[in-house]
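**Q** So that you have it, the file is work.cif, and it contains mmCIF, C-alpha atoms:
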```cif
data_upload
#
loop_
_atom_site.group_PDB
_atom_site.id
_atom_site.type_symbol
_atom_site.label_atom_id
_atom_site.label_comp_id
_atom_site.auth_asym_id
_atom_site.auth_seq_id
_atom_site.Cartn_x
_atom_site.Cartn_y
_atom_site.Cartn_z
ATOM 1 C CA MET I 1 9.520 -1.260 7.323
ATOM 2 C CA ALA I 2 8.770 1.390 9.916
ATOM 3 C CA ALA I 3 12.374 2.651 9.673
ATOM 4 C CA LEU I 4 12.132 2.885 5.882
ATOM 5 C CA TYR I 5 8.970 4.980 6.130
ATOM 6 C CA ALA I 6 10.534 7.163 8.838
ATOM 7 C CA ASP I 7 13.417 7.928 6.459
ATOM 8 C CA VAL I 8 10.942 8.860 3.730
ATOM 9 C CA ARG I 9 9.009 11.208 6.045
ATOM 10 C CA ALA I 10 12.286 12.870 7.066
ATOM 11 C CA THR I 11 13.718 13.323 3.558
ATOM 12 C CA VAL I 12 10.965 13.294 0.935
ATOM 13 C CA ALA I 13 10.460 17.074 0.894
ATOM 14 C CA ARG I 14 14.156 17.677 0.047
ATOM 15 C CA GLU I 15 14.759 14.757 -2.273
ATOM 16 C CA PRO I 16 11.594 12.914 -3.335
ATOM 17 C CA GLU I 17 13.138 10.633 -5.958
ATOM 18 C CA ALA I 18 16.156 9.738 -3.799
ATOM 19 C CA ALA I 19 13.885 8.990 -0.816
ATOM 20 C CA LEU I 20 11.814 6.657 -2.997
ATOM 21 C CA ALA I 21 14.936 4.929 -4.374
ATOM 22 C CA ARG I 22 16.261 4.291 -0.828
ATOM 23 C CA PHE I 23 12.849 3.003 0.212
ATOM 24 C CA ARG I 24 12.680 0.590 -2.722
ATOM 25 C CA ASP I 25 16.244 -0.662 -2.124
ATOM 26 C CA GLY I 26 15.449 -1.246 1.552
ATOM 27 C CA ARG I 27 12.214 -3.071 0.755
ATOM 28 C CA ASP I 28 14.026 -5.311 -1.752
ATOM 29 C CA ARG I 29 16.659 -6.101 0.888
ATOM 30 C CA LEU I 30 13.974 -7.047 3.423
ATOM 31 C CA PHE I 31 12.191 -9.231 0.863
ATOM 32 C CA ARG I 32 15.466 -11.017 0.102
ATOM 33 C CA GLU I 33 16.845 -11.365 3.665
ATOM 34 C CA HIS I 34 14.158 -11.114 6.353
ATOM 35 C CA PRO I 35 12.954 -14.442 7.810
ATOM 36 C CA ASP I 36 9.322 -13.278 7.566
ATOM 37 C CA SER I 37 9.611 -12.211 3.929
ATOM 38 C CA PRO I 38 6.563 -12.970 1.781
ATOM 39 C CA ILE I 39 8.950 -14.346 -0.859
ATOM 40 C CA PRO I 40 9.073 -18.123 -0.281
ATOM 41 C CA ALA I 41 12.428 -19.170 1.229
ATOM 42 C CA HIS I 42 13.396 -21.302 -1.777
ATOM 43 C CA ARG I 43 13.068 -18.248 -4.091
ATOM 44 C CA ARG I 44 14.913 -15.647 -1.987
ATOM 45 C CA ALA I 45 18.455 -16.410 -3.175
ATOM 46 C CA GLY I 46 17.440 -15.629 -6.768
ATOM 47 C CA PHE I 47 15.253 -12.655 -5.855
ATOM 48 C CA GLU I 48 16.483 -9.615 -7.804
ATOM 49 C CA GLY I 49 13.979 -7.060 -6.576
ATOM 50 C CA LEU I 50 10.444 -5.878 -7.103
ATOM 51 C CA ASP I 51 9.275 -4.165 -10.280
ATOM 52 C CA HIS I 52 8.077 -0.562 -10.117
ATOM 53 C CA TRP I 53 6.923 2.247 -12.311
ATOM 54 C CA ARG I 54 9.033 5.402 -12.507
ATOM 55 C CA TYR I 55 8.452 8.094 -9.927
ATOM 56 C CA ASP I 56 5.489 10.300 -10.815
ATOM 57 C CA PRO I 57 5.152 13.462 -8.676
ATOM 58 C CA ALA I 58 1.607 13.974 -9.995
ATOM 59 C CA LEU I 59 0.469 10.896 -8.018
ATOM 60 C CA ARG I 60 1.306 12.300 -4.590
ATOM 61 C CA PHE I 61 -1.553 13.963 -2.709
ATOM 62 C CA GLU I 62 -2.252 15.450 0.682
ATOM 63 C CA ALA I 63 -5.946 14.897 1.258
ATOM 64 C CA VAL I 64 -8.449 15.817 3.937
ATOM 65 C CA VAL I 65 -10.127 12.793 5.496
ATOM 66 C CA GLU I 66 -13.832 13.567 5.357
ATOM 67 C CA GLN I 67 -15.653 11.759 8.130
ATOM 68 C CA ARG I 68 -18.409 9.335 7.176
ATOM 69 C CA PRO I 69 -20.607 7.113 9.313
ATOM 70 C CA ASP I 70 -18.864 3.976 10.528
ATOM 71 C CA MET I 71 -19.367 0.973 8.315
ATOM 72 C CA GLU I 72 -17.708 -2.418 8.652
ATOM 73 C CA HIS I 73 -16.244 -4.355 5.760
ATOM 74 C CA ARG I 74 -14.722 -7.852 5.818
ATOM 75 C CA ALA I 75 -12.658 -9.483 3.091
ATOM 76 C CA THR I 76 -9.583 -11.662 2.968
ATOM 77 C CA SER I 77 -7.500 -13.447 0.382
ATOM 78 C CA LEU I 78 -8.094 -16.802 2.086
ATOM 79 C CA GLY I 79 -11.867 -16.522 2.327
ATOM 80 C CA GLY I 80 -13.620 -17.081 5.624
ATOM 81 C CA GLU I 81 -14.666 -14.321 7.962
ATOM 82 C CA GLY I 82 -12.096 -11.797 6.830
ATOM 83 C CA PHE I 83 -10.399 -8.895 8.530
ATOM 84 C CA PRO I 84 -12.664 -6.362 10.237
ATOM 85 C CA LEU I 85 -12.196 -3.008 8.527
ATOM 86 C CA ARG I 86 -14.121 -0.060 9.920
ATOM 87 C CA ARG I 87 -14.600 2.911 7.573
ATOM 88 C CA ILE I 88 -13.504 6.106 9.291
ATOM 89 C CA GLY I 89 -13.840 8.465 6.337
ATOM 90 C CA VAL I 90 -13.126 9.099 2.682
ATOM 91 C CA VAL I 91 -10.542 11.007 0.693
ATOM 92 C CA GLU I 92 -11.400 12.806 -2.517
ATOM 93 C CA LEU I 93 -8.458 12.618 -4.920
ATOM 94 C CA PRO I 94 -8.106 13.752 -8.535
ATOM 95 C CA VAL I 95 -8.023 10.036 -9.475
ATOM 96 C CA GLY I 96 -11.210 9.160 -7.552
ATOM 97 C CA THR I 97 -12.696 8.723 -4.098
ATOM 98 C CA LEU I 98 -11.330 6.146 -1.660
ATOM 99 C CA GLU I 99 -12.620 5.019 1.699
ATOM 100 C CA VAL I 100 -10.172 5.096 4.620
ATOM 101 C CA TYR I 101 -10.411 2.269 7.142
ATOM 102 C CA TRP I 102 -9.344 1.401 10.646
ATOM 103 C CA VAL I 103 -8.081 -2.191 10.890
ATOM 104 C CA ASP I 104 -9.538 -3.768 14.032
ATOM 105 C CA VAL I 105 -6.892 -6.516 14.317
ATOM 106 C CA TYR I 106 -3.164 -6.891 15.107
ATOM 107 C CA GLY I 107 -2.838 -3.550 16.871
ATOM 108 C CA GLY I 108 -5.187 -1.452 14.785
ATOM 109 C CA GLY I 109 -4.240 1.288 12.384
ATOM 110 C CA ILE I 110 -5.275 3.386 9.415
ATOM 111 C CA PHE I 111 -5.535 1.308 6.262
ATOM 112 C CA LEU I 112 -6.031 2.335 2.624
ATOM 113 C CA PRO I 113 -6.250 -0.487 0.064
ATOM 114 C CA PHE I 114 -7.270 0.096 -3.550
ATOM 115 C CA ARG I 115 -7.776 -1.521 -6.912
ATOM 116 C CA ASP I 116 -7.452 0.347 -10.187
ATOM 117 C CA ALA I 117 -7.559 -0.243 -13.926
ATOM 118 C CA THR I 118 -4.146 -2.002 -13.766
ATOM 119 C CA SER I 119 -5.405 -4.652 -11.296
ATOM 120 C CA GLY I 120 -5.273 -8.146 -12.727
ATOM 121 C CA GLU I 121 -3.032 -7.199 -15.633
ATOM 122 C CA GLU I 122 -0.168 -4.952 -14.576
ATOM 123 C CA THR I 123 -0.667 -5.312 -10.809
ATOM 124 C CA TYR I 124 -2.023 -7.923 -8.411
ATOM 125 C CA ALA I 125 -5.673 -8.650 -9.197
ATOM 126 C CA ALA I 126 -6.857 -8.158 -5.604
ATOM 127 C CA GLY I 127 -5.286 -4.694 -5.410
ATOM 128 C CA ARG I 128 -2.513 -2.859 -3.620
ATOM 129 C CA TYR I 129 -2.047 -0.905 -0.409
ATOM 130 C CA VAL I 130 -0.983 2.721 -0.132
ATOM 131 C CA LEU I 131 -1.286 3.118 3.647
ATOM 132 C CA ASP I 132 -1.126 0.660 6.573
ATOM 133 C CA SER I 133 -0.110 2.604 9.664
ATOM 134 C CA VAL I 134 0.061 -0.390 12.022
ATOM 135 C CA LYS I 135 3.022 -1.619 9.946
ATOM 136 C CA GLY I 136 4.563 1.830 9.805
ATOM 137 C CA ALA I 137 3.460 2.328 6.171
ATOM 138 C CA ASP I 138 2.618 5.949 6.821
ATOM 139 C CA LEU I 139 3.884 8.916 4.828
ATOM 140 C CA GLY I 140 2.598 11.518 7.262
ATOM 141 C CA GLY I 141 -0.036 14.177 7.346
ATOM 142 C CA SER I 142 -1.468 16.559 9.906
ATOM 143 C CA GLU I 143 -4.667 18.277 10.974
ATOM 144 C CA GLY I 144 -7.001 15.646 9.523
ATOM 145 C CA ARG I 145 -4.984 15.225 6.323
ATOM 146 C CA LEU I 146 -3.140 12.176 4.992
ATOM 147 C CA VAL I 147 -0.264 12.004 2.545
ATOM 148 C CA ILE I 148 -1.287 9.535 -0.129
ATOM 149 C CA ASP I 149 1.564 8.860 -2.509
ATOM 150 C CA PHE I 150 0.827 6.144 -5.033
ATOM 151 C CA ASN I 151 4.566 5.932 -5.811
ATOM 152 C CA TYR I 152 4.701 3.895 -2.578
ATOM 153 C CA ALA I 153 1.769 1.619 -3.495
ATOM 154 C CA TYR I 154 2.651 -1.987 -2.807
ATOM 155 C CA HIS I 155 1.248 -5.471 -3.255
ATOM 156 C CA PRO I 156 0.024 -7.325 -0.173
ATOM 157 C CA SER I 157 2.044 -10.333 1.002
ATOM 158 C CA CYS I 158 -0.529 -12.744 -0.466
ATOM 159 C CA ALA I 159 0.509 -11.561 -3.953
ATOM 160 C CA TYR I 160 3.839 -13.353 -3.431
ATOM 161 C CA ASP I 161 2.745 -16.448 -1.511
ATOM 162 C CA PRO I 162 -0.810 -17.750 -1.028
ATOM 163 C CA ARG I 163 -0.042 -18.909 2.532
ATOM 164 C CA TRP I 164 -0.462 -15.273 3.599
ATOM 165 C CA SER I 165 -3.912 -13.943 4.378
ATOM 166 C CA CYS I 166 -4.472 -10.321 3.393
ATOM 167 C CA PRO I 167 -7.364 -7.891 3.636
ATOM 168 C CA LEU I 168 -8.554 -7.029 0.145
ATOM 169 C CA ALA I 169 -9.707 -3.735 -1.342
ATOM 170 C CA PRO I 170 -13.463 -3.358 -0.833
ATOM 171 C CA PRO I 171 -15.663 -2.532 -3.868
ATOM 172 C CA ALA I 172 -15.803 1.145 -2.793
ATOM 173 C CA ASN I 173 -12.029 1.390 -3.306
ATOM 174 C CA ARG I 174 -11.931 0.444 -6.962
ATOM 175 C CA LEU I 175 -10.667 3.289 -9.106
ATOM 176 C CA ALA I 176 -11.719 3.404 -12.763
ATOM 177 C CA VAL I 177 -8.389 4.909 -13.850
ATOM 178 C CA PRO I 178 -4.994 3.195 -14.078
ATOM 179 C CA ILE I 179 -2.536 4.102 -11.304
ATOM 180 C CA ARG I 180 0.829 3.428 -12.920
ATOM 181 C CA ALA I 181 2.903 4.131 -9.844
ATOM 182 C CA GLY I 182 4.422 1.966 -7.129
ATOM 183 C CA GLU I 183 4.846 -1.783 -7.433
ATOM 184 C CA ARG I 184 3.803 -3.665 -10.521
ATOM 185 C CA LEU I 185 3.960 -7.273 -11.602
ATOM 186 C CA GLY I 186 7.276 -8.408 -13.073
#
```
Any chance you could give the structure as structure tokens?

**A**
Amino acid sequence: MAALYADVRATVAREPEAALARFRDGRDRLFREHPDSPIPAHRRAGFEGLDHWRYDPALRFEAVVEQRPDMEHRATSLGGEGFPLRRIGVVELPVGTLEVYWVDVYGGGIFLPFRDATSGEETYAAGRYVLDSVKGADLGGSEGRLVIDFNYAYHPSCAYDPRWSCPLAPPANRLAVPIRAGERLG
């Protein structure tokens, strides 16, 4: 995944739609072939790819991360204690305000989950992710800014197989508007 995101960072300014198409093809290939794919092994041979909305340039933002006092949140798809998420700031976007977190497990990293008005109907009910830097899901940014491109929004692994445990979008990251970009349910 990190290599796919590196390609996007290197090419998106010149060819945004082509960069997204290559990213989606690569992600489909990994879902079909990688031994740690969230698609159960018995379903991989028939896997034809993930469903997505068309590219929408209006859903790509470069936002300043406004610092906020630390606050911890815990939630997981399997219940229990949950993943420790530490709020490091917020981003104000035309579609709403989202909290930005630091994941305090498996290496740490910037994490931005969200739910929107499509959650539970057109997308996974527990939400999607738009940034998870520990896994290389990072579209760049500089000087306190993050690139947040909802065209790259994706479902967590637990959306495909309940054996996976995933951090869920906290209540503060529920957008009232539909974000019809990125992955959607098939």

**Q** Between CA of Cys158 (chain I) and CA of Ser37 (chain I), what is the distance, to one decimal in Å?

**A**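 Value for the CA of Cys158 (chain I)-CA of Ser37 (chain I) distance: 11.1 Å.
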
**Q** Apply the PyMOL selection byres ((chain I and resi 137) around 9) to the file shown and report the selected residues as a PyMOL selection string.

**A** chain I and resi 1-2+4-6+130-136+138-139+152

**Q** How would you write as a PyMOL selection string the residues that get within 8 Å of (-0.7, -11.1, 4.4) in the file's frame, counting all atoms listed in the file?

**A** chain I and resi 38+156-158+164-167

**Q** Considering all atoms listed in the file, can you say which of I:Glu99, I:Glu122, I:Glu17, I:Glu66 comes closest to Pro170 (chain I)?

**A**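 Looking only at the distances to Pro170 (chain I), the closest residue turns out to be I:Glu99.
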
**Q** What residues come out when you apply the PyMOL selection byres ((chain I and resi 89) around 9) to this file, written as a PyMOL selection string?

**A** chain I and resi 65-70+87-88+90-91+98-101

**Q** Could you work out how far CA of Arg32 (chain I) lies from CA of Ala13 (chain I), giving the answer in Å with one decimal?

**A**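 Interatomic distance here is 28.5 Å.
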
**Q** I'd like to see the residues matched by the PyMOL selection byres ((chain I and resi 24) around 9) on this file, and ideally I'd get them as an MDAnalysis selection string.

**A** chainID I and resid 4 19:23 25:29 49:50 52 152

**Q** The centre and edge lengths of an axis-aligned box containing all atoms of region 113-123 of chain I present in the file, extended by 6 Å on each side, are to be given in Å to one decimal, as lines of an AutoDock Vina configuration file.

**A**
```
center_x = -4.0
center_y = -3.9
center_z = -7.8
size_x = 19.6
size_y = 20.5
size_z = 27.7
```

**Q** Hey, can you check how far CA of Tyr129 (chain I) sits from CA of His42 (chain I)?

**A** 25.6 Å

**Q** Identify the residues around (-11.9, -10.1, -7.4) within a radius of 10 Å, measuring from only C-alpha atoms in the coordinates stated by the file, and give them as a PyMOL selection string.

**A** chain I and resi 77+115+119-120+125-127+168-171

**Q** Based on the selection just made, write C-alpha atoms of those residues as an mmCIF file, in the coordinates of the input.

**A**
```
data_model
loop_
_atom_site.group_PDB
_atom_site.id
_atom_site.type_symbol
_atom_site.label_atom_id
_atom_site.label_comp_id
_atom_site.auth_asym_id
_atom_site.auth_seq_id
_atom_site.Cartn_x
_atom_site.Cartn_y
_atom_site.Cartn_z
ATOM 1 C CA SER I 77 -7.500 -13.447 0.382
ATOM 2 C CA ARG I 115 -7.776 -1.521 -6.912
ATOM 3 C CA SER I 119 -5.405 -4.652 -11.296
ATOM 4 C CA GLY I 120 -5.273 -8.146 -12.727
ATOM 5 C CA ALA I 125 -5.673 -8.650 -9.197
ATOM 6 C CA ALA I 126 -6.857 -8.158 -5.604
ATOM 7 C CA GLY I 127 -5.286 -4.694 -5.410
ATOM 8 C CA LEU I 168 -8.554 -7.029 0.145
ATOM 9 C CA ALA I 169 -9.707 -3.735 -1.342
ATOM 10 C CA PRO I 170 -13.463 -3.358 -0.833
ATOM 11 C CA PRO I 171 -15.663 -2.532 -3.868
#
```

**Q** Near Gly186 (chain I), within 12 Å and counting all atoms listed in the file, which residues show up once chain neighbours fewer than 5 positions away are dropped, as a list in words?

**A**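 Once the nearby chain positions are removed, what remains is Phe47, Glu48, Gly49, Leu50, Asp51, His52, Trp53, Glu121, Glu122, Thr123, Tyr124, His155, Ala159 and Tyr160 of chain I.
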
**Q** I'd like to know which of I:Leu146, I:Ala181, I:Ile110, I:Val95 is closest to Arg128 (chain I), using all atoms listed in the file.

**A**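 So, comparing all the options, the nearest one is I:Ala181.
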